[in-house]
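First up is the structure itself, then whatever we jot down about it.
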There are 2 protein chains.
Amino acid sequence: MKNDESLVKVRTKSVRKNQIRLSNERRILAAAVKIFAGFGYQGATTRKIAEEAGIPKANLHYYFQTKEQLYRRVLDGIFKDWLAAANTFDECVEPIEALRGYIETKMELSRKRPLESRIWAEEILRGAPLIQHELEVTLSAWLDTRVKRITDWINAGRIDALNPRILMFMIWAVTQHFADFESQIRALNQQQNLSDNQFKEAKQQVTRIILKGIGALD
Amino acid sequence: MKNDESLVKVRTKSVRKNQIRLSNERRILAAAVKIFAGFGYQGATTRKIAEEAGIPKANLHYYFQTKEQLYRRVLDGIFKDWLAAANTFDECVEPIEALRGYIETKMELSRKRPLESRIWAEEILRGAPLIQHELEVTLSAWLDTRVKRITDWINAGRIDALNPRILMFMIWAVTQHFADFESQIRALNQQQNLSDNQFKEAKQQVTRIILKGIGALD
DNA sequence: GTCTATAACCGGATAGAC
DNA sequence: GTCTATCCGGTTATAGAC
């Protein structure tokens, strides 16, 4: 009897602790995304992140031992989103629909989660010191799969003959630009972020130029 | 006589000093471009820059009182190059030639001076704290001029109806991507930078897709 | 699990001799 | 104009009381 009770207590306590840990980790990770995006890896300080999360700095180090560990966790989350954005691409058979869906998904991602895009961009700018291996293995394999599909479309005469990798680079470049260079776009738009209508127009124009440019609309 | 001699001496000495100053400033600025591009503004240290320039840290501070002043000088140089890249654009009458020339010039700039492109990109990523005003005034006026020309082409039916600003954003995004995301491209190209031939292919494909995409080839 | 205090270190900038 | 030594402020990370 006594044994059972104490077991229950231990389990209850352990569950609650896990909930506390999870909830605190989420708070910290959300704060870290903001601060890393705003100041870069070097410019971000654990003090700023802790302040943003509303906890003492020491608590942050209790949950994430080092700044680099925290940063890696943030990058991992972003990488998963990146790969998942291709779902639309894979589900569609037609080149027009697959590419349109992918471009629109990436544009939406830039609109709704620009911070993550900027953290990714900075990591690449710095030479991808922490994610180089992931790029070479996981992203490379991911890209190969999509390259094959595009090659099939070319062989079937559905789109112009072109280098599929360079097409993907173009799509990444254009869509992520709206997140990564947001401050420049704002400065060139009367100090206003693009309105929903302006962004919709951008999305449509980007999609149309690329699809027409590769002969998918011929 | 004595007076003349001393005047000459002073002038000679002054000229030599100016040459020393100019030559040292150039060394430091070149080193600063490398280090700022490789580590970002926060990650770059005056010690690293001084080492790269082959001088003691104190000398660097003799020529540029603060790290921020040095960084501003670097940014100024980059901004001038950016604006100058539009010369081809302005010299050509035909939309095809003007845009082709501009895209190719920007691609060449990404190829030959990727470090500068990355410094610019990081500054924008961080919200353009130091160059916001230049963007709002100088770059904005620069862009307006090009927007007018594109609008004329649209009205003359030479290219499709589109938002000229978004077209320019697309061109910037795609061309600068080859400098800013070089490490990602390398990881997806068997850990090799694009060869001259690969880059040439990229340049041609980028130009073709955009020109065809906006109906300039119809 | 939380928090205050602090150790250990590093970076920007300068003093002052040469 | 050059260089060594140093100050000062800020950063990561941890010790140890609660």
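In the structure tokens, each chain is lettered A, B, ... as it comes, each chain's residues begin at 1, and ligands are numbered from 1 in order of appearance.
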Skip DC9 in chain C itself and residues of its chain fewer than 4 positions away, then list as an mmCIF file with C-alpha atoms (C1' of nucleotides), in the first residue's frame all residues within 12 Å of it, counting only C-alpha atoms (C1' of nucleotides).
data_model
loop_
_atom_site.group_PDB
_atom_site.id
_atom_site.type_symbol
_atom_site.label_atom_id
_atom_site.label_comp_id
_atom_site.auth_asym_id
_atom_site.auth_seq_id
_atom_site.Cartn_x
_atom_site.Cartn_y
_atom_site.Cartn_z
ATOM 1 C "C1'" DG D 10 29.884 43.511 -20.745
ATOM 2 C "C1'" DT D 11 29.179 38.295 -21.596
ATOM 3 C "C1'" DT D 12 28.853 33.322 -20.642
ATOM 4 C "C1'" DA D 13 28.364 30.206 -17.324
#
Next item on the list: Dump as a ChimeraX atom specification the residues of chain B that approach chain D to within 9 Å, counting only C-alpha atoms (C1' of nucleotides).
Entry: /B:17,20,56,58-59,62
Check: Quick one, how far is CA of Phe89 in chain B from CA of Lys106 in chain B?
Finding: 10.7 Å
Margin query: For the full set of C-alpha atoms taken in order, report to one decimal the RMSD after fitting chain A onto chain B.
Written below: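 The C-alpha RMSD comes out at 0.2 Å.
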Margin query: Set the cut-off to 7 Å and count only C-alpha atoms: what are the residues of chain A that reach chain B? Output as number ranges by chain.
Written below: A: 38-39, 42-43, 118, 122, 124-128, 132, 135-136, 140, 166, 170, 173-174, 177, 180-181, 183-184, 187-188, 202, 209-210, 212-214
Give me, as a compact mmCIF listing (two decimals) with C-alpha atoms (C1' of nucleotides), in the first residue's frame, the residues of chain C touching chain B, with the criterion being at most 8 Å (counting only C-alpha atoms (C1' of nucleotides)).
# COMPACT_ATOMS: atom_id res chain seq x y z
C1' DG C 11 36.32 42.91 -26.56
C1' DG C 12 36.64 47.97 -27.53
C1' DA C 13 39.18 51.66 -26.63
Next item on the list: Per DSSP on the backbone, filter range 28-135 of chain B down to the residues in alpha helix (DSSP H) and report them as a PyMOL selection string.
Entry: chain B and resi 28-43+46-53+57-63+67-84+87-91+95-112+114-125+132-134
Next item on the list: Compile the contact shell of Arg158 in chain A as a PyMOL selection string: residues with an atom at most 10 Å away, counting only C-alpha atoms (C1' of nucleotides), same-chain residues fewer than 2 positions apart removed.
Entry: chain A and resi 94-96+150-156+160-161+214-218
Dump as a PDB file, in the first residue's frame, selection limited to N, CA and C atoms:
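Output (result.pdb):
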ATOM      1  N   GLU A  94       0.807  17.825 -61.663  1.00  0.00           N
ATOM      2  CA  GLU A  94       1.057  18.808 -62.712  1.00  0.00           C
ATOM      3  C   GLU A  94       2.160  19.779 -62.306  1.00  0.00           C
ATOM      4  N   PRO A  95       3.072  20.100 -63.199  1.00  0.00           N
ATOM      5  CA  PRO A  95       4.142  21.059 -62.868  1.00  0.00           C
ATOM      6  C   PRO A  95       3.598  22.414 -62.441  1.00  0.00           C
ATOM      7  N   ILE A  96       2.590  22.885 -63.144  1.00  0.00           N
ATOM      8  CA  ILE A  96       2.041  24.200 -62.774  1.00  0.00           C
ATOM      9  C   ILE A  96       1.564  24.200 -61.328  1.00  0.00           C
ATOM     10  N   ILE A 150      11.394  17.484 -61.491  1.00  0.00           N
ATOM     11  CA  ILE A 150      11.481  18.553 -62.491  1.00  0.00           C
ATOM     12  C   ILE A 150      12.081  18.011 -63.786  1.00  0.00           C
ATOM     13  N   THR A 151      13.070  17.160 -63.644  1.00  0.00           N
ATOM     14  CA  THR A 151      13.687  16.564 -64.840  1.00  0.00           C
ATOM     15  C   THR A 151      12.649  15.776 -65.653  1.00  0.00           C
ATOM     16  N   ASP A 152      11.780  15.061 -64.947  1.00  0.00           N
ATOM     17  CA  ASP A 152      10.713  14.325 -65.646  1.00  0.00           C
ATOM     18  C   ASP A 152       9.841  15.287 -66.445  1.00  0.00           C
ATOM     19  N   TRP A 153       9.489  16.407 -65.833  1.00  0.00           N
ATOM     20  CA  TRP A 153       8.648  17.380 -66.531  1.00  0.00           C
ATOM     21  C   TRP A 153       9.350  17.895 -67.787  1.00  0.00           C
ATOM     22  N   ILE A 154      10.646  18.123 -67.663  1.00  0.00           N
ATOM     23  CA  ILE A 154      11.404  18.607 -68.820  1.00  0.00           C
ATOM     24  C   ILE A 154      11.386  17.550 -69.926  1.00  0.00           C
ATOM     25  N   ASN A 155      11.658  16.303 -69.539  1.00  0.00           N
ATOM     26  CA  ASN A 155      11.688  15.227 -70.538  1.00  0.00           C
ATOM     27  C   ASN A 155      10.322  15.020 -71.185  1.00  0.00           C
ATOM     28  N   ALA A 156       9.263  15.309 -70.436  1.00  0.00           N
ATOM     29  CA  ALA A 156       7.910  15.166 -70.983  1.00  0.00           C
ATOM     30  C   ALA A 156       7.500  16.411 -71.767  1.00  0.00           C
ATOM     31  N   ASP A 160      10.251  24.151 -70.093  1.00  0.00           N
ATOM     32  CA  ASP A 160      11.465  24.327 -70.892  1.00  0.00           C
ATOM     33  C   ASP A 160      12.627  23.497 -70.332  1.00  0.00           C
ATOM     34  N   ALA A 161      13.586  23.219 -71.197  1.00  0.00           N
ATOM     35  CA  ALA A 161      14.822  22.588 -70.724  1.00  0.00           C
ATOM     36  C   ALA A 161      15.574  23.596 -69.859  1.00  0.00           C
ATOM     37  N   ILE A 214       9.585  29.674 -67.170  1.00  0.00           N
ATOM     38  CA  ILE A 214      10.077  28.313 -67.436  1.00  0.00           C
ATOM     39  C   ILE A 214       9.218  27.592 -68.467  1.00  0.00           C
ATOM     40  N   GLY A 215       8.276  28.322 -69.059  1.00  0.00           N
ATOM     41  CA  GLY A 215       7.466  27.729 -70.131  1.00  0.00           C
ATOM     42  C   GLY A 215       6.376  26.807 -69.643  1.00  0.00           C
ATOM     43  N   ALA A 216       6.002  26.928 -68.378  1.00  0.00           N
ATOM     44  CA  ALA A 216       4.942  26.062 -67.854  1.00  0.00           C
ATOM     45  C   ALA A 216       3.569  26.505 -68.339  1.00  0.00           C
ATOM     46  N   LEU A 217       3.482  27.739 -68.798  1.00  0.00           N
ATOM     47  CA  LEU A 217       2.178  28.266 -69.226  1.00  0.00           C
ATOM     48  C   LEU A 217       2.002  28.199 -70.735  1.00  0.00           C
ATOM     49  N   ASP A 218       3.030  27.739 -71.448  1.00  0.00           N
ATOM     50  CA  ASP A 218       2.931  27.711 -72.923  1.00  0.00           C
ATOM     51  C   ASP A 218       1.812  26.776 -73.394  1.00  0.00           C
TER      52      ASP A 218
END
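Computed from the coordinates, the CA of Leu130 in chain A to CA of Gly77 in chain A distance equals 13.8 Å.
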Item checked: Test item: residues at most 10 Å from Val74 in chain B, only C-alpha atoms (C1' of nucleotides), excluding those fewer than 3 positions along its chain, as a PyMOL selection string -> chain B and resi 29-30+32-33+36+68-71+77-79+116+119-120
Item checked: Interatomic distance, CA of Trp142 in chain B to CA of Leu83 in chain B (Å, one decimal) ->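 Going from CA of Trp142 in chain B over to CA of Leu83 in chain B covers 7.7 Å.
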